>>> print(open('model01.txt').read())   # compact mmCIF, C-alpha atoms and all ligand atoms
# COMPACT_ATOMS: atom_id res chain seq x y z
CA MET A 1 69.48 -2.95 7.18
CA ALA A 2 69.77 -4.41 10.61
CA ALA A 3 66.99 -3.30 12.78
CA GLN A 4 67.36 -3.99 16.37
CA ALA A 5 66.41 -3.17 19.80
CA ILE A 6 63.27 -2.81 21.68
CA LEU A 7 63.21 0.02 24.15
CA THR A 8 62.28 -0.98 27.60
CA ALA A 9 59.06 0.72 28.38
CA GLY A 10 59.81 3.66 30.60
CA LYS A 11 58.03 4.93 33.61
CA THR A 12 55.27 6.47 31.71
CA ASP A 13 52.04 7.45 33.25
CA ASP A 14 53.64 8.22 36.55
CA VAL A 15 56.22 10.63 35.15
CA LEU A 16 56.13 14.17 36.40
CA TRP A 17 57.67 16.41 33.82
CA ARG A 18 59.39 19.48 35.14
CA PHE A 19 59.87 22.46 32.95
CA ASP A 20 60.42 26.20 33.00
CA GLU A 21 63.34 25.95 35.41
CA GLY A 22 61.30 24.25 38.04
CA ARG A 23 58.79 27.06 38.36
CA PHE A 24 56.13 24.81 36.98
CA ASN A 25 55.79 21.15 37.65
CA ALA A 26 53.13 19.81 35.34
CA ARG A 27 51.51 16.46 35.40
CA ARG A 28 51.78 14.72 32.09
CA PHE A 29 49.04 15.73 29.74
CA ALA A 30 47.83 12.18 29.91
CA ASP A 31 46.54 13.20 33.27
CA LEU A 32 44.68 16.19 31.93
CA SER A 33 41.05 15.55 31.32
CA SER A 34 41.25 16.62 27.68
CA VAL A 35 43.44 13.70 26.74
CA ALA A 36 42.91 11.30 29.58
CA ALA A 37 40.57 9.16 27.56
CA ARG A 38 43.28 8.23 25.08
CA PRO A 39 44.37 4.61 25.54
CA ARG A 40 48.04 4.47 26.43
CA THR A 41 50.57 1.87 25.60
CA SER A 42 54.12 1.63 26.85
CA VAL A 43 55.89 4.81 25.85
CA PRO A 44 58.02 5.39 23.94
CA VAL A 45 56.60 2.68 21.75
CA PRO A 46 59.38 0.93 19.90
CA TYR A 47 59.12 0.64 16.20
CA ILE A 48 61.40 -1.75 14.43
CA ASN A 49 62.68 -0.11 11.34
CA LYS A 50 62.21 -2.15 8.19
CA GLN A 51 62.98 0.54 5.70
CA MET A 52 64.24 3.88 6.80
CA THR A 53 63.28 5.86 3.74
CA PRO A 54 61.73 5.15 0.38
CA SER A 55 64.18 3.48 -1.96
CA ASN A 56 64.23 6.35 -4.35
CA SER A 57 67.21 6.56 -6.67
CA SER A 58 67.22 10.36 -6.72
CA ILE A 59 67.73 10.28 -2.95
CA SER A 60 70.76 8.02 -3.12
CA GLU A 61 72.26 10.09 -5.93
CA THR A 62 72.37 13.04 -3.58
CA HIS A 63 73.94 10.96 -0.78
CA ASP A 64 70.81 11.61 1.25
CA SER A 65 68.77 8.67 2.52
CA ILE A 66 67.81 9.51 6.10
CA ARG A 67 64.57 11.02 7.40
CA ALA A 68 64.64 10.95 11.20
CA VAL A 69 61.47 12.97 11.97
CA GLN A 70 58.33 11.42 10.52
CA TRP A 71 54.75 12.57 11.08
CA GLN A 72 52.34 9.63 11.26
CA GLY A 73 49.01 11.44 11.09
CA ASP A 74 48.35 11.39 14.83
CA HIS A 75 51.77 10.94 16.38
CA LEU A 76 55.43 11.69 15.72
CA ARG A 77 57.96 9.01 14.94
CA LEU A 78 61.59 9.77 15.73
CA LEU A 79 64.76 7.87 15.04
CA ASP A 80 66.23 7.72 18.55
CA GLN A 81 69.60 9.44 18.25
CA ARG A 82 70.70 8.27 21.68
CA ARG A 83 70.90 4.72 20.38
CA LEU A 84 72.77 5.24 17.12
CA PRO A 85 74.87 3.84 15.59
CA ASN A 86 74.50 0.51 17.37
CA GLU A 87 70.74 0.34 17.27
CA GLU A 88 68.28 1.86 14.87
CA VAL A 89 65.26 2.29 17.09
CA TRP A 90 62.24 4.45 16.40
CA ILE A 91 60.17 5.98 19.15
CA ASP A 92 56.61 7.15 18.83
CA CYS A 93 55.73 10.37 20.64
CA ARG A 94 52.02 10.44 21.30
CA ASP A 95 51.61 13.84 22.89
CA ALA A 96 53.45 17.13 23.32
CA THR A 97 54.89 16.03 26.63
CA GLU A 98 56.62 13.10 24.98
CA VAL A 99 57.92 15.39 22.25
CA THR A 100 59.28 17.74 24.92
CA GLN A 101 60.95 14.84 26.66
CA ALA A 102 62.44 13.57 23.39
CA ILE A 103 63.93 17.02 22.73
CA ARG A 104 65.23 17.43 26.24
CA ASP A 105 66.76 13.95 26.36
CA LEU A 106 68.33 14.29 22.87
CA ALA A 107 66.33 11.52 21.24
CA VAL A 108 65.81 14.22 18.64
CA ARG A 109 68.50 16.89 18.44
CA GLY A 110 70.03 19.44 16.11
CA ALA A 111 68.55 22.94 15.93
CA PRO A 112 66.24 22.56 12.91
CA ALA A 113 65.07 19.08 13.91
CA ILE A 114 64.00 20.18 17.37
CA GLY A 115 62.05 23.08 15.88
CA ILE A 116 60.30 20.71 13.49
CA ALA A 117 59.56 18.19 16.24
CA ALA A 118 58.15 20.96 18.43
CA ALA A 119 55.88 22.15 15.62
CA TRP A 120 54.51 18.61 15.33
CA GLY A 121 54.08 18.57 19.10
CA VAL A 122 51.84 21.63 18.80
CA ALA A 123 49.86 20.08 15.94
CA MET A 124 49.36 16.94 17.99
CA ALA A 125 48.27 18.98 21.01
CA ALA A 126 45.68 20.70 18.81
CA GLN A 127 44.35 17.33 17.69
CA GLN A 128 44.07 16.30 21.34
CA LYS A 129 42.56 19.63 22.43
CA ALA A 130 45.35 20.08 24.98
CA PRO A 131 45.82 23.50 26.60
CA MET A 132 47.90 25.39 24.05
CA ASP A 133 49.52 27.95 26.35
CA ILE A 134 50.89 25.20 28.55
CA VAL A 135 52.01 23.14 25.57
CA LEU A 136 53.82 26.08 24.00
CA ALA A 137 55.54 27.00 27.27
CA MET A 138 56.57 23.42 27.95
CA LEU A 139 58.06 22.87 24.49
CA ARG A 140 59.80 26.24 24.58
CA ALA A 141 61.56 25.35 27.81
CA ALA A 142 62.86 22.03 26.50
CA ARG A 143 66.25 23.46 25.46
CA PRO A 144 67.48 27.06 25.62
CA THR A 145 70.10 27.70 22.95
CA ALA A 146 68.78 26.60 19.54
CA VAL A 147 66.52 29.43 18.42
CA ASN A 148 64.85 27.24 15.79
CA LEU A 149 62.80 25.82 18.65
CA MET A 150 61.42 29.24 19.62
CA TRP A 151 61.09 30.23 15.96
CA ALA A 152 58.96 27.20 15.12
CA LEU A 153 56.80 27.64 18.22
CA ASP A 154 56.28 31.34 17.48
CA ARG A 155 55.23 30.41 13.96
CA MET A 156 52.70 27.89 15.26
CA LYS A 157 51.53 30.38 17.89
CA LYS A 158 50.86 33.00 15.23
CA ARG A 159 48.66 30.56 13.37
CA ILE A 160 46.81 29.69 16.57
CA ALA A 161 46.32 33.40 17.26
CA VAL A 162 44.50 33.88 13.97
CA GLY A 163 42.22 30.94 14.69
CA ALA A 164 43.90 28.20 12.65
CA ASP A 165 42.09 24.88 13.00
CA VAL A 166 43.75 21.50 13.52
CA ASP A 167 44.23 20.87 9.80
CA ALA A 168 45.82 24.27 9.33
CA LEU A 169 48.24 23.61 12.19
CA VAL A 170 49.17 20.25 10.70
CA ARG A 171 49.80 22.00 7.39
CA GLU A 172 51.94 24.61 9.12
CA ALA A 173 54.10 21.97 10.81
CA GLN A 174 54.47 20.20 7.47
CA ALA A 175 55.46 23.48 5.84
CA ILE A 176 58.13 24.08 8.49
CA GLN A 177 59.54 20.62 7.78
CA ASP A 178 59.36 20.94 3.98
CA GLU A 179 60.88 24.41 3.95
CA ASP A 180 63.80 23.19 6.03
CA LEU A 181 64.60 20.44 3.54
CA ALA A 182 64.40 22.90 0.64
CA ALA A 183 66.62 25.38 2.51
CA ASN A 184 69.20 22.68 3.13
CA ARG A 185 69.38 21.74 -0.53
CA ARG A 186 69.81 25.40 -1.48
CA MET A 187 72.50 25.95 1.15
CA GLY A 188 74.28 22.84 -0.08
CA GLN A 189 74.67 24.39 -3.52
CA LEU A 190 75.61 27.83 -2.19
CA GLY A 191 78.14 26.52 0.31
CA ALA A 192 79.74 24.02 -2.07
CA SER A 193 80.29 26.75 -4.65
CA LEU A 194 82.66 28.48 -2.21
CA ILE A 195 84.96 25.46 -2.05
CA THR A 196 87.88 25.01 -4.42
CA PRO A 197 87.76 21.58 -6.13
CA GLY A 198 89.86 18.96 -4.36
CA SER A 199 89.61 20.53 -0.92
CA GLY A 200 89.64 18.84 2.45
CA VAL A 201 87.03 19.84 5.04
CA LEU A 202 86.56 19.34 8.76
CA THR A 203 83.12 19.32 10.35
CA HIS A 204 81.94 19.23 13.95
CA CYS A 205 78.99 17.69 15.76
CA ASN A 206 76.19 16.35 13.57
CA THR A 207 74.53 18.76 11.19
CA GLY A 208 73.11 16.22 8.77
CA SER A 209 69.79 14.63 7.99
CA LEU A 210 69.48 13.57 11.61
CA ALA A 211 69.68 17.18 12.77
CA THR A 212 67.27 18.60 10.20
CA ALA A 213 64.34 17.68 7.97
CA GLY A 214 66.92 15.99 5.76
CA TYR A 215 70.14 16.56 3.82
CA GLY A 216 71.63 18.76 6.53
CA THR A 217 73.20 22.19 6.89
CA ALA A 218 77.01 21.90 7.10
CA LEU A 219 76.70 18.25 6.18
CA GLY A 220 74.45 19.29 3.30
CA VAL A 221 77.30 21.44 1.97
CA ILE A 222 79.56 18.42 2.36
CA ARG A 223 77.05 16.19 0.54
CA ALA A 224 76.81 18.73 -2.30
CA GLY A 225 80.55 19.37 -2.33
CA VAL A 226 81.38 15.67 -2.54
CA ALA A 227 78.80 15.14 -5.30
CA ALA A 228 80.30 18.05 -7.25
CA GLY A 229 83.88 16.85 -6.80
CA ARG A 230 84.82 19.94 -4.83
CA ILE A 231 85.46 18.07 -1.60
CA ALA A 232 88.08 15.33 -1.75
CA ASN A 233 88.51 14.60 1.94
CA VAL A 234 86.11 14.81 4.85
CA TYR A 235 87.13 14.80 8.49
CA ALA A 236 84.67 14.71 11.37
CA GLY A 237 85.49 15.56 14.97
CA GLU A 238 84.11 13.13 17.50
CA THR A 239 82.39 15.92 19.52
CA ARG A 240 82.79 15.04 23.14
CA PRO A 241 80.94 14.39 25.32
CA TRP A 242 77.86 13.27 23.46
CA GLN A 243 79.81 12.05 20.42
CA GLN A 244 77.49 13.49 17.77
CA GLY A 245 80.39 13.44 15.30
CA ALA A 246 81.58 9.93 16.08
CA ARG A 247 78.19 8.32 16.55
CA LEU A 248 75.93 10.27 14.19
CA THR A 249 77.94 12.05 11.50
CA MET A 250 80.07 9.01 10.78
CA TRP A 251 76.91 6.87 10.67
CA GLU A 252 75.32 9.20 8.14
CA LEU A 253 78.43 9.44 6.01
CA VAL A 254 79.06 5.71 5.92
CA ARG A 255 75.40 5.03 5.22
CA ASP A 256 75.31 7.50 2.34
CA GLY A 257 78.62 6.40 0.85
CA ILE A 258 80.70 9.48 1.62
CA PRO A 259 84.27 8.56 2.58
CA ALA A 260 85.34 10.30 5.78
CA GLN A 261 87.78 10.03 8.63
CA LEU A 262 87.00 10.51 12.27
CA ILE A 263 89.41 12.53 14.37
CA ALA A 264 89.63 13.09 18.09
CA ASP A 265 88.48 16.62 18.87
CA SER A 266 91.94 17.31 20.20
CA ALA A 267 93.49 16.41 16.81
CA ALA A 268 91.85 19.34 15.00
CA ALA A 269 94.65 21.92 15.24
CA HIS A 270 97.22 19.30 14.28
CA LEU A 271 95.09 18.38 11.25
CA MET A 272 94.87 22.01 10.20
CA LYS A 273 98.62 22.45 10.55
CA SER A 274 99.14 19.49 8.20
CA GLY A 275 97.41 21.35 5.36
CA ALA A 276 94.83 18.60 4.89
CA VAL A 277 91.81 20.87 5.32
CA GLN A 278 90.95 24.13 3.61
CA TRP A 279 87.57 24.70 5.26
CA VAL A 280 85.99 24.04 8.62
CA ILE A 281 82.25 23.73 7.99
CA VAL A 282 79.83 23.83 10.92
CA GLY A 283 76.15 24.38 11.64
CA ALA A 284 74.63 26.78 14.13
CA ASP A 285 72.10 26.85 16.93
CA ARG A 286 71.68 30.63 16.97
CA ILE A 287 73.23 33.37 14.90
CA ALA A 288 73.06 36.80 16.53
CA ALA A 289 72.42 40.08 14.72
CA ASN A 290 76.16 40.79 14.42
CA GLY A 291 76.98 37.32 13.04
CA ASP A 292 78.29 35.83 16.28
CA THR A 293 77.33 32.16 16.15
CA ALA A 294 76.44 29.71 18.89
CA ASN A 295 77.10 26.10 17.99
CA LYS A 296 78.17 22.85 19.62
CA ILE A 297 80.86 23.18 22.26
CA GLY A 298 84.27 23.10 20.60
CA THR A 299 83.23 25.26 17.65
CA TYR A 300 84.90 28.33 19.13
CA GLN A 301 88.27 26.64 19.51
CA LEU A 302 87.99 25.30 15.95
CA ALA A 303 87.38 28.85 14.70
CA ILE A 304 90.42 30.13 16.58
CA ALA A 305 92.61 27.32 15.28
CA ALA A 306 91.32 27.84 11.74
CA LYS A 307 92.18 31.54 11.81
CA TYR A 308 95.69 30.77 13.09
CA HIS A 309 96.30 28.23 10.32
CA GLY A 310 94.71 30.17 7.46
CA VAL A 311 91.89 27.62 7.16
CA LYS A 312 88.54 29.12 6.18
CA PHE A 313 85.55 28.86 8.47
CA MET A 314 81.99 28.41 7.15
CA VAL A 315 78.75 28.47 9.16
CA VAL A 316 75.75 26.91 7.42
CA ALA A 317 72.26 27.44 8.83
CA PRO A 318 68.76 28.22 7.62
CA SER A 319 67.32 31.68 8.28
CA SER A 320 65.27 30.10 11.10
CA THR A 321 68.56 29.95 13.04
CA VAL A 322 69.13 33.70 12.68
CA ASP A 323 67.99 35.68 15.71
CA MET A 324 68.05 39.36 14.87
CA ALA A 325 66.54 40.14 18.29
CA THR A 326 69.79 38.99 19.93
CA GLY A 327 72.43 41.65 19.41
CA ASN A 328 75.55 39.56 19.88
CA GLY A 329 76.84 36.25 21.14
CA GLU A 330 77.14 37.44 24.74
CA GLU A 331 73.35 37.53 24.91
CA ILE A 332 72.88 33.90 23.86
CA GLU A 333 71.96 31.52 26.64
CA ILE A 334 74.35 28.59 26.68
CA GLU A 335 72.80 25.31 27.75
CA LEU A 336 74.49 23.60 30.68
CA ARG A 337 73.79 19.89 30.84
CA ASP A 338 74.22 17.24 33.45
CA PRO A 339 77.89 16.74 34.45
CA ALA A 340 77.14 13.02 34.30
CA GLU A 341 77.38 13.28 30.50
CA LEU A 342 81.10 14.02 30.99
CA LEU A 343 81.74 11.65 33.83
CA SER A 344 80.48 8.58 32.00
CA MET A 345 80.63 7.07 28.55
CA ALA A 346 77.86 4.88 27.18
CA GLY A 347 76.39 4.67 30.64
CA GLN A 348 79.69 3.49 32.13
CA ARG A 349 81.34 5.72 34.73
CA THR A 350 84.83 6.62 33.45
CA VAL A 351 85.86 9.25 36.00
CA VAL A 352 86.68 8.66 39.63
CA GLN A 353 83.74 8.84 42.01
CA GLY A 354 83.67 12.19 43.76
CA ALA A 355 84.88 14.12 40.70
CA ASN A 356 82.83 17.05 39.42
CA ALA A 357 82.47 18.41 35.89
CA TRP A 358 81.32 21.55 34.09
CA ASN A 359 79.32 20.75 30.97
CA PRO A 360 78.40 23.70 28.74
CA VAL A 361 77.19 22.18 25.48
CA PHE A 362 77.47 25.20 23.20
CA ASP A 363 79.91 28.04 22.71
CA VAL A 364 80.02 31.16 20.58
CA ALA A 365 82.33 31.76 17.62
CA PRO A 366 82.64 35.52 17.20
CA ALA A 367 81.77 36.92 13.78
CA GLU A 368 85.35 38.05 13.12
CA LEU A 369 86.48 34.41 13.03
CA ILE A 370 83.84 33.46 10.44
CA ASP A 371 84.58 33.69 6.70
CA ALA A 372 81.09 32.90 5.44
CA ILE A 373 77.59 32.44 6.81
CA VAL A 374 75.55 30.42 4.32
CA THR A 375 71.76 30.54 4.54
CA GLU A 376 69.10 29.73 1.97
CA ARG A 377 68.74 33.47 1.39
CA GLY A 378 72.36 33.78 0.32
CA VAL A 379 75.94 33.93 1.54
CA ILE A 380 77.34 36.59 3.84
CA GLU A 381 81.10 36.78 3.61
CA ARG A 382 82.95 38.27 6.57
CA PRO A 383 79.70 38.76 8.52
CA ASN A 384 78.97 41.85 10.55
CA SER A 385 75.90 43.75 11.77
CA ILE A 386 75.48 45.70 8.55
CA ALA A 387 75.60 42.67 6.28
CA MET A 388 73.30 40.74 8.63
CA GLN A 389 70.84 43.61 8.74
CA ALA A 390 70.88 43.87 4.95
CA MET A 391 69.94 40.20 4.58
CA PHE A 392 67.76 39.59 7.63
CA GLY A 393 66.59 43.03 8.78
CA PHE A 394 62.95 43.23 9.70
O1 LIG B 401 73.18 19.36 21.32
P1 LIG B 401 72.85 19.14 19.89
O2 LIG B 401 73.32 17.84 19.37
O3 LIG B 401 71.40 19.41 19.60
O4 LIG B 401 73.68 20.26 19.13
C1 LIG B 401 73.60 20.33 17.74
C2 LIG B 401 74.53 21.31 17.14
O5 LIG B 401 75.21 22.02 17.82
C3 LIG B 401 74.49 21.43 15.67
O6 LIG B 401 75.74 21.78 15.19
C4 LIG B 401 73.50 22.53 15.29
O7 LIG B 401 72.26 22.31 15.91
C5 LIG B 401 73.30 22.62 13.84
S1 LIG B 401 72.37 21.22 13.28
C6 LIG B 401 71.96 21.44 11.68
>>> encode(input="model01.txt", output="structure tokens", more="lines below")
Ligand code: MRU
Amino acid sequence: MAAQAILTAGKTDDVLWRFDEGRFNARRFADLSSVAARPRTSVPVPYINKQMTPSNSSISETHDSIRAVQWQGDHLRLLDQRRLPNEEVWIDCRDATEVTQAIRDLAVRGAPAIGIAAAWGVAMAAQQKAPMDIVLAMLRAARPTAVNLMWALDRMKKRIAVGADVDALVREAQAIQDEDLAANRRMGQLGASLITPGSGVLTHCNTGSLATAGYGTALGVIRAGVAAGRIANVYAGETRPWQQGARLTMWELVRDGIPAQLIADSAAAHLMKSGAVQWVIVGADRIAANGDTANKIGTYQLAIAAKYHGVKFMVVAPSSTVDMATGNGEEIEIELRDPAELLSMAGQRTVVQGANAWNPVFDVAPAELIDAIVTERGVIERPNSIAMQAMFGF
């Protein structure tokens, strides 16, 4: 595998990291006395990938070879998703501030993956005796929509509250990661069993190994469905503006030997009309108590187009994405990102100077447009509050 670039060392020790909507402007923890003694190198430290994952035949048989979040004993190594597919660059996060920055800047992304990364950030902070309340608040504010982030932090916080020591927190973060991988494998089987052999499917954004502990949610169903011969054709939408479908999903699929075709986002309804797809399969960032589902921007219009064309719509997410404390999709905070993400491509301005943009990066597909929500606990067909309560009620 070609391994490439070296990241230019960023402004590091002088960075002021803002969080919590500007109410708090914290110096990097490197400046806090508890961790100031740690020798610092250029950050993020580049790591040239020699071998992305163990060459294990059982992994390749399941079309699953990527592990993008890797704990290194005292720091967190992340495959930098901003650089794919052109460069496979690893970054080393050496404290919770760097993990927060990696989440916020999309070096690590995808709802389960950011929860896992945050859990490792907490474990690392415990090793460094950093102030836990500040660490938890900073990580929590990194991104607002994916509830897996809050879920993982709450889980770590509960362990801290009962006096867990550093080793116990490391074990908890590892458990969060391991459980996610197991959930994905289970969801793969459950979701694939819903698909009639020979079907075509369309997916959106990236919901694969890059977005999770491994295997993926919606992409896990696609991996399982392809392996079982149920899925004959895979289409992936490019997912403007950040191109998670074009850059990341296609990279994963090519790498793991799953034939697929990229489409422009705007080709989705036309594809559905052609009869080439029987299911749209997507992940989720937060599923409300009535089944309304927040996911990458564009999901809502896919759900509408699917209903119109008689194409089924499947949401695949672990139970850590279910937020029973949020009644419906209206209550979900939708992340707004920098308009510059729309005004440029690959760092190159593509829109006339002076133009403005509105850049919500998630939307909500209402439950009535969803045919099945697949979690590791089981499948809810035609989701509603009652079915959600029966499976996830407290
Ligand atoms: O902004 P991103 O790339 O983090 O958004 C990711 C998505 O919307 C995914 O579809 C979702 O997190 C599910 S990932 C298994």
>>> residues_around(input="model01.txt", residues="range 344-346 of chain A", least_positions_apart="3", cutoff="10 Å", atoms="only C-alpha atoms", output="list in words")
Arg82, Arg83, Arg240, Pro241, Trp242, Gln243, Pro339, Ala340, Glu341, Arg349, Thr350, Val351 and Val352 of chain A
>>> residues_around(input="model01.txt", residues="Val170 in chain A", least_positions_apart="2", cutoff="9 Å", atoms="all atoms listed in the file", output="list in words")
Gly73, Ala119, Trp120, Val122, Ala123, Met124, Ala126, Gln127, Asp165, Val166, Asp167, Ala168, Glu172, Ala173, Gln174 and Ala175 of chain A
>>> residues_around(input="model01.txt", residues="Asn328 in chain A", least_positions_apart="6", cutoff="10 Å", atoms="all atoms listed in the file", output="ChimeraX atom specification")
/A:287-294,364,366-367,385
>>> closest_residue(input="model01.txt", among="A:Gly310, A:Pro383, A:Gly245, A:Gly198", to="ligand LIG 401 (chain B)", atoms="all atoms listed in the file")
A:Gly245
>>> residues_near_ligand(input="model01.txt", ligand="ligand LIG 401 (chain B)", cutoff="6 Å", atoms="only C-alpha atoms and all ligand atoms", output="list in words")
Arg109, Gly110, Ala111, Pro112, Cys205, Asn206, Thr207, Ala211, Thr212, Gly216, Thr217, Gly283, Ala284, Asp285, Asn295 and Lys296 of chain A
>>> write_last_selection(input="model01.txt", atoms="C-alpha atoms", output="mmCIF file, in the coordinates of the input")
data_model
loop_
_atom_site.group_PDB
_atom_site.id
_atom_site.type_symbol
_atom_site.label_atom_id
_atom_site.label_comp_id
_atom_site.auth_asym_id
_atom_site.auth_seq_id
_atom_site.Cartn_x
_atom_site.Cartn_y
_atom_site.Cartn_z
ATOM 1 C CA ARG A 109 68.500 16.890 18.440
ATOM 2 C CA GLY A 110 70.030 19.440 16.110
ATOM 3 C CA ALA A 111 68.550 22.940 15.930
ATOM 4 C CA PRO A 112 66.240 22.560 12.910
ATOM 5 C CA CYS A 205 78.990 17.690 15.760
ATOM 6 C CA ASN A 206 76.190 16.350 13.570
ATOM 7 C CA THR A 207 74.530 18.760 11.190
ATOM 8 C CA ALA A 211 69.680 17.180 12.770
ATOM 9 C CA THR A 212 67.270 18.600 10.200
ATOM 10 C CA GLY A 216 71.630 18.760 6.530
ATOM 11 C CA THR A 217 73.200 22.190 6.890
ATOM 12 C CA GLY A 283 76.150 24.380 11.640
ATOM 13 C CA ALA A 284 74.630 26.780 14.130
ATOM 14 C CA ASP A 285 72.100 26.850 16.930
ATOM 15 C CA ASN A 295 77.100 26.100 17.990
ATOM 16 C CA LYS A 296 78.170 22.850 19.620
#
>>> atom_distance(input="model01.txt", atom1="CA of Ala303 in chain A", atom2="CA of Ala141 in chain A")
29.2 Å
>>> residues_near_point(input="model01.txt", point="(79.3, 30.7, 23.2)", cutoff="10 Å", atoms="all atoms listed in the file", output="list in words")
Thr145, Arg286, Asp292, Thr293, Ala294, Asn295, Lys296, Ile297, Gly298, Thr299, Tyr300, Gly329, Glu330, Glu331, Ile332, Glu333, Ile334, Glu335, Pro360, Val361, Phe362, Asp363, Val364, Ala365 and Pro366 of chain A
>>> residues_around(input="model01.txt", residues="range 95-108 of chain A", least_positions_apart="3", cutoff="6 Å", atoms="all atoms listed in the file", output="list of chain:residue names")
A:Asp80, A:Gln81, A:Arg82, A:Gly121, A:Ala125, A:Leu139, A:Ala142
>>> atom_distance(input="model01.txt", atom1="CA of Leu342 in chain A", atom2="CA of Asn356 in chain A")
9.1 Å
>>> closest_residue(input="model01.txt", among="A:Gln353, A:Ser266, A:Ser193, A:Asn384", to="Ile231 in chain A", atoms="only C-alpha atoms")
A:Ser193
>>> closest_residue(input="model01.txt", among="A:Ala325, A:Leu149, A:Val89, A:Leu369", to="Ala305 in chain A", atoms="only C-alpha atoms")
A:Leu369
>>> atom_distance(input="model01.txt", atom1="CA of Gln177 in chain A", atom2="CA of Leu84 in chain A")
22.3 Å
>>> residues_around(input="model01.txt", residues="Ile380 in chain A", least_positions_apart="4", cutoff="10 Å", atoms="all atoms listed in the file", output="list in words")
Gly291, Met314, Val315, Ile370, Asp371, Ala372, Ile373, Val374, Thr375, Asn384, Ala387, Met388, Ala390 and Met391 of chain A
>>> closest_residue(input="model01.txt", among="A:Arg377, A:Arg143, A:His309, A:Arg255", to="Arg337 in chain A", atoms="all atoms listed in the file")
A:Arg143
>>> closest_residue(input="model01.txt", among="A:Pro318, A:Gly354, A:Gly378, A:Gly275", to="Ala183 in chain A", atoms="all atoms listed in the file")
A:Pro318
>>> closest_residue(input="model01.txt", among="A:Ala146, A:Ile263, A:Val234, A:Leu136", to="Ile160 in chain A", atoms="all atoms listed in the file")
A:Leu136
